[in-house]
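The structure under discussion appears below in the form of C-alpha cells.
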Amino acid sequence: MKKILLTGALGQIGSEFTLKLREIYGTDNVVATDIRETESEVVTGGPFEKLDVTDGDKMMDIAKRHNVDTVIHLAALLSATAEAKPLLAWNINMGGLVNALETAKELDCKFFTPSSIGAFGPLTPKNETPQDTIMRPTTMYGVNKVSGELLADYYHQKSGVDTRGVRFPGLISYVAPPGGGTTDYAVEIYYEAIKNGKYTSYIGEGTYMDMMYMPDALNAVIDLMEADPAKLKHRNAFNVTAMSIAPEDVAKEIQKHIPSFTLDYNVDPVRQGIAESWPNAIDASAAKEEWGFKAEYDLAKMTADMLEKLKEK
C-alpha cells in the first residue's frame with residue numbers, strides 16, 4: 001500500500017484507522033472520504049474529500065485524481081440500523097461496495113472491505129465456528145455481508161482484483177462513539193461505568209459474542225493487506241477474534257477497577273434476536289495460519305486500557 005483511498009473515514013473504524021494509516025504511510029498518502037464533513041483531525045489533518053459512496057462516478061474521480069493504489073471501503077450502515085432501514089442499508093451497503101470494487105478494478109487497486117460475524121446465521125455452528133461453514137443470516141446486515149464476501153470473491157476470480165477482507169467481531173473503542181451495531185453495549189458499558197457507575201444492557205445475561213479491541217482490529221487489516229498474496233487461500237473473508245464475552249463478563253472486569261459499578265438489564269428484542277443468531281465464539285485459525293493474525297488484547301488488558309483512556313477524555 002502506497003496511496004490509499006478510505007471510505008467511511010468518520011465512522012467507528014475509519015476515525016481511528018485514517019490516523020493510523022497516515023502515521024505509517026504518510027499524511028499525504030491517505031485520502032479520507034465520508035458523506036459528512038467535520039472539524040475532526042481526520043478532515044483537517046490530511047487529504048479529505050466529501051463522498052456519498054452511492055455516487056460511483058465521484059468515487060472514481062477522487063481515486064483517479066489522487067492516483068491511489070489501494071481502496072479500503074468501510075462506509076456502511078451497521079446491524080441494528082440496517083434492520084430498522086433495510087432498503088436504505090441495501091442501497092448503501094451493496095451499492096457502495098459495487099462502486100468501490102469497480103473503482104479498484106478500473107485502477108488496478110488492492111481492495112479491502114470488512115465482513116462481520118453478522119454474516120453467520122442461526123444454522124451456523126455456535127461454538128468454534130469454522131472459517132468455512134453454512135451462512136444463512138436472517139438480518140439485512142448479514143445478507144449484505146454474505147453478498148459482499150461473494151461479490152469480492154467474484155471480482156477477484158473474474159477480474160483479478162486483489163480483494164481481501166476479515167469478518168470482524170464486535171469492535172470496542174474509546175475514540176469513536178457507538179454507531180448502531182448490535183455489539184455496541186460493549187462500548188457503552190465503559191462510558192457509563194466512568195460517567196454514572198452503572199449500566200443497563202440491552203443484550204441479555206449469558207449472551208456470548210466475539211469481540212476485539214480496536215488496536216487489534218486495525219493491525220489485523222494492515223497485516224492482511226501487507227501479506228503475501230500467494231499464501232492467502234480465503235481472502236474474503238477471514239474469521240478474526242480476540243475474546244468471546246457476555247455482558248456480565250465485562251461488568252466483572254470493570255468491577256476490579258470500579259468496585260461500586262452495577263449492571264442490570266432491559267433487553268431489546270430486536271438486538272437480542274440479532275445477537276442470538278450469531279455465533280458464541282468463532283475459530284480464527286485460518287487467519288493465523290495464512291497471514292499470522294494475532295490479537296494482543298484480552299478482556300482484562302482491554303478493560304484496563306479503556307478505563308484509563310476514557311478517564312483521560
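Each chain in the C-alpha cells gets a letter, A, B, ..., in the order shown, and its residues are numbered from 1; ligands are numbered from 1 in order too.
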### Query
Can you list, as a list in words, every protein, DNA or RNA residue that comes within 7 Å of stretch 217-229 of chain A when you count only C-alpha atoms, leaving out same-chain residues fewer than 6 positions away?
Phe17, Trp291 and Phe293 of chain A
Dump of C-alpha atoms for the selected residues, as a PDB file, in the first residue's frame:
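The resulting file, selection_30.pdb, is shown below:
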```pdb
ATOM      1  CA  PHE A  17      -7.813   3.898  11.025  1.00  0.00           C
ATOM      2  CA  TRP A 291      -1.078 -14.394   7.393  1.00  0.00           C
ATOM      3  CA  PHE A 293      -3.051 -12.963  12.725  1.00  0.00           C
TER       4      PHE A 293
END
```
### Message
Going by DSSP on the backbone, which residues of stretch 228-296 of chain A come out as strand (DSSP E or B)? List them as a list in words.
### Response
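The residues of stretch 228-296 of chain A classed as strand (DSSP E or B) are Phe238, Asn239, Met243, Ser244, Ile245, Thr262, Leu263, Asp264, Tyr265, Ala281 and Ile282 of chain A.
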#### Entry: For A:Val143: contacts at 10 Å, only C-alpha atoms, fewer than 6 positions along chain excluded, given as a PyMOL selection string
chain A and resi 90+94+118-121+135-137
Using the selection just defined, write its residues with C-alpha atoms as a short mmCIF file (atom, residue, chain, number, x, y, z; two decimals), in the first residue's frame.
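The resulting file, result-v7.cif, is shown below:
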```cif
data_model
loop_
_atom_site.label_atom_id
_atom_site.label_comp_id
_atom_site.auth_asym_id
_atom_site.auth_seq_id
_atom_site.Cartn_x
_atom_site.Cartn_y
_atom_site.Cartn_z
CA TRP A 90 -29.11 -2.49 0.82
CA MET A 94 -24.28 -3.02 -1.63
CA GLY A 118 -23.22 -10.96 11.23
CA ALA A 119 -22.66 -12.95 8.03
CA PHE A 120 -23.40 -16.09 10.04
CA GLY A 121 -26.92 -17.14 10.96
CA MET A 135 -24.01 -18.96 6.24
CA ARG A 136 -27.74 -18.22 6.21
CA PRO A 137 -28.16 -14.89 8.04
#
```
### Query
What is the distance, in Å and to one decimal place, between atom CA of A:Ala89 and atom CA of A:Thr183?
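Atom CA of A:Thr183 lies at a distance of 17.9 Å from atom CA of A:Ala89.
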#### Entry: Nearby residues (only C-alpha atoms) at most 10 Å from A:Pro269, same-chain spacing under 5 positions excluded, as number ranges by chain
A: 202-204, 274-275
### Task
List every residue of stretch 121-201 of chain A that DSSP, applied to the backbone, labels as alpha helix (DSSP H), and write the result as a PyMOL selection string.
chain A and resi 140-159+185-195
9 Å contact set for A:Val166, only C-alpha atoms, chain neighbours under 3 positions out, as a PDB file with N, CA and C atoms, in the first residue's frame:
```pdb
ATOM      1  N   PHE A 112      -9.794  -3.691   0.145  1.00  0.00           N
ATOM      2  CA  PHE A 112     -10.235  -4.283   1.416  1.00  0.00           C
ATOM      3  C   PHE A 112     -11.621  -3.773   1.762  1.00  0.00           C
ATOM      4  N   THR A 113     -12.464  -4.693   2.224  1.00  0.00           N
ATOM      5  CA  THR A 113     -13.711  -4.308   2.871  1.00  0.00           C
ATOM      6  C   THR A 113     -13.998  -5.313   3.977  1.00  0.00           C
ATOM      7  N   PRO A 114     -14.526  -4.863   5.105  1.00  0.00           N
ATOM      8  CA  PRO A 114     -14.780  -5.796   6.204  1.00  0.00           C
ATOM      9  C   PRO A 114     -16.100  -6.528   6.052  1.00  0.00           C
ATOM     10  N   SER A 115     -16.064  -7.813   6.352  1.00  0.00           N
ATOM     11  CA  SER A 115     -17.294  -8.544   6.601  1.00  0.00           C
ATOM     12  C   SER A 115     -17.503  -8.565   8.115  1.00  0.00           C
ATOM     13  N   SER A 116     -18.289  -9.493   8.619  1.00  0.00           N
ATOM     14  CA  SER A 116     -18.697  -9.446  10.022  1.00  0.00           C
ATOM     15  C   SER A 116     -19.172 -10.817  10.470  1.00  0.00           C
ATOM     16  N   ALA A 220      -4.845  -5.911  12.341  1.00  0.00           N
ATOM     17  CA  ALA A 220      -5.223  -7.073  11.536  1.00  0.00           C
ATOM     18  C   ALA A 220      -5.401  -6.689  10.070  1.00  0.00           C
ATOM     19  N   VAL A 221      -6.040  -5.558   9.823  1.00  0.00           N
ATOM     20  CA  VAL A 221      -6.246  -5.124   8.438  1.00  0.00           C
ATOM     21  C   VAL A 221      -4.906  -4.837   7.755  1.00  0.00           C
ATOM     22  N   LEU A 224      -3.023  -8.070   7.055  1.00  0.00           N
ATOM     23  CA  LEU A 224      -3.615  -8.796   5.935  1.00  0.00           C
ATOM     24  C   LEU A 224      -3.279  -8.122   4.608  1.00  0.00           C
ATOM     25  N   ARG A 235      -9.024 -15.068   1.426  1.00  0.00           N
ATOM     26  CA  ARG A 235      -9.182 -13.690   1.001  1.00  0.00           C
ATOM     27  C   ARG A 235     -10.427 -13.024   1.590  1.00  0.00           C
ATOM     28  N   ASN A 236     -11.619 -13.481   1.218  1.00  0.00           N
ATOM     29  CA  ASN A 236     -12.866 -12.803   1.612  1.00  0.00           C
ATOM     30  C   ASN A 236     -13.868 -13.790   2.229  1.00  0.00           C
ATOM     31  N   ALA A 237     -13.862 -13.936   3.492  1.00  0.00           N
ATOM     32  CA  ALA A 237     -13.188 -13.068   4.473  1.00  0.00           C
ATOM     33  C   ALA A 237     -12.748 -13.951   5.637  1.00  0.00           C
ATOM     34  N   PHE A 238     -11.665 -13.546   6.321  1.00  0.00           N
ATOM     35  CA  PHE A 238     -11.093 -14.346   7.399  1.00  0.00           C
ATOM     36  C   PHE A 238     -11.806 -14.107   8.730  1.00  0.00           C
ATOM     37  N   ASN A 239     -12.107 -15.190   9.443  1.00  0.00           N
ATOM     38  CA  ASN A 239     -12.538 -15.060  10.837  1.00  0.00           C
ATOM     39  C   ASN A 239     -11.407 -14.454  11.662  1.00  0.00           C
ATOM     40  N   VAL A 240     -11.696 -13.417  12.437  1.00  0.00           N
ATOM     41  CA  VAL A 240     -10.744 -12.882  13.416  1.00  0.00           C
ATOM     42  C   VAL A 240     -11.494 -12.592  14.707  1.00  0.00           C
ATOM     43  N   ALA A 287      -6.853 -17.438   9.654  1.00  0.00           N
ATOM     44  CA  ALA A 287      -6.138 -16.157   9.641  1.00  0.00           C
ATOM     45  C   ALA A 287      -4.759 -16.293  10.277  1.00  0.00           C
TER      46      ALA A 287
END
```
### Query
Using only C-alpha atoms, which of A:Leu232, A:Val267, A:Leu310, A:Ala246 sits nearest A:Gly292?
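Going through A:Leu232, A:Val267, A:Leu310, A:Ala246 one by one, the smallest distance to A:Gly292 is for A:Leu232.
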#### Entry: Residue neighbourhood A:Val68, 7 Å, only C-alpha atoms, exclusion window fewer than 2 positions, as a PyMOL selection string
chain A and resi 3-5+63-64+66+70
With N, CA and C atoms retained, write the just-selected residues as a PDB file, in the first residue's frame.
```
ATOM      1  N   LYS A   3      -0.613   4.557  -1.769  1.00  0.00           N
ATOM      2  CA  LYS A   3      -1.569   5.678  -1.791  1.00  0.00           C
ATOM      3  C   LYS A   3      -2.959   5.105  -1.592  1.00  0.00           C
ATOM      4  N   ILE A   4      -3.594   5.454  -0.491  1.00  0.00           N
ATOM      5  CA  ILE A   4      -4.795   4.758  -0.019  1.00  0.00           C
ATOM      6  C   ILE A   4      -6.016   5.678  -0.064  1.00  0.00           C
ATOM      7  N   LEU A   5      -7.106   5.181  -0.617  1.00  0.00           N
ATOM      8  CA  LEU A   5      -8.408   5.845  -0.533  1.00  0.00           C
ATOM      9  C   LEU A   5      -9.241   5.093   0.492  1.00  0.00           C
ATOM     10  N   ALA A  63     -10.499   8.822  -6.791  1.00  0.00           N
ATOM     11  CA  ALA A  63      -9.420   7.828  -6.848  1.00  0.00           C
ATOM     12  C   ALA A  63      -8.429   8.144  -7.959  1.00  0.00           C
ATOM     13  N   LYS A  64      -8.925   8.562  -9.123  1.00  0.00           N
ATOM     14  CA  LYS A  64      -8.045   8.898 -10.247  1.00  0.00           C
ATOM     15  C   LYS A  64      -7.220  10.141  -9.948  1.00  0.00           C
ATOM     16  N   HIS A  66      -6.231  11.345  -7.183  1.00  0.00           N
ATOM     17  CA  HIS A  66      -5.220  11.135  -6.150  1.00  0.00           C
ATOM     18  C   HIS A  66      -4.284   9.967  -6.480  1.00  0.00           C
ATOM     19  N   THR A  70      -4.693   1.624  -3.539  1.00  0.00           N
ATOM     20  CA  THR A  70      -5.410   0.789  -2.581  1.00  0.00           C
ATOM     21  C   THR A  70      -6.736   1.445  -2.217  1.00  0.00           C
TER      22      THR A  70
END
```
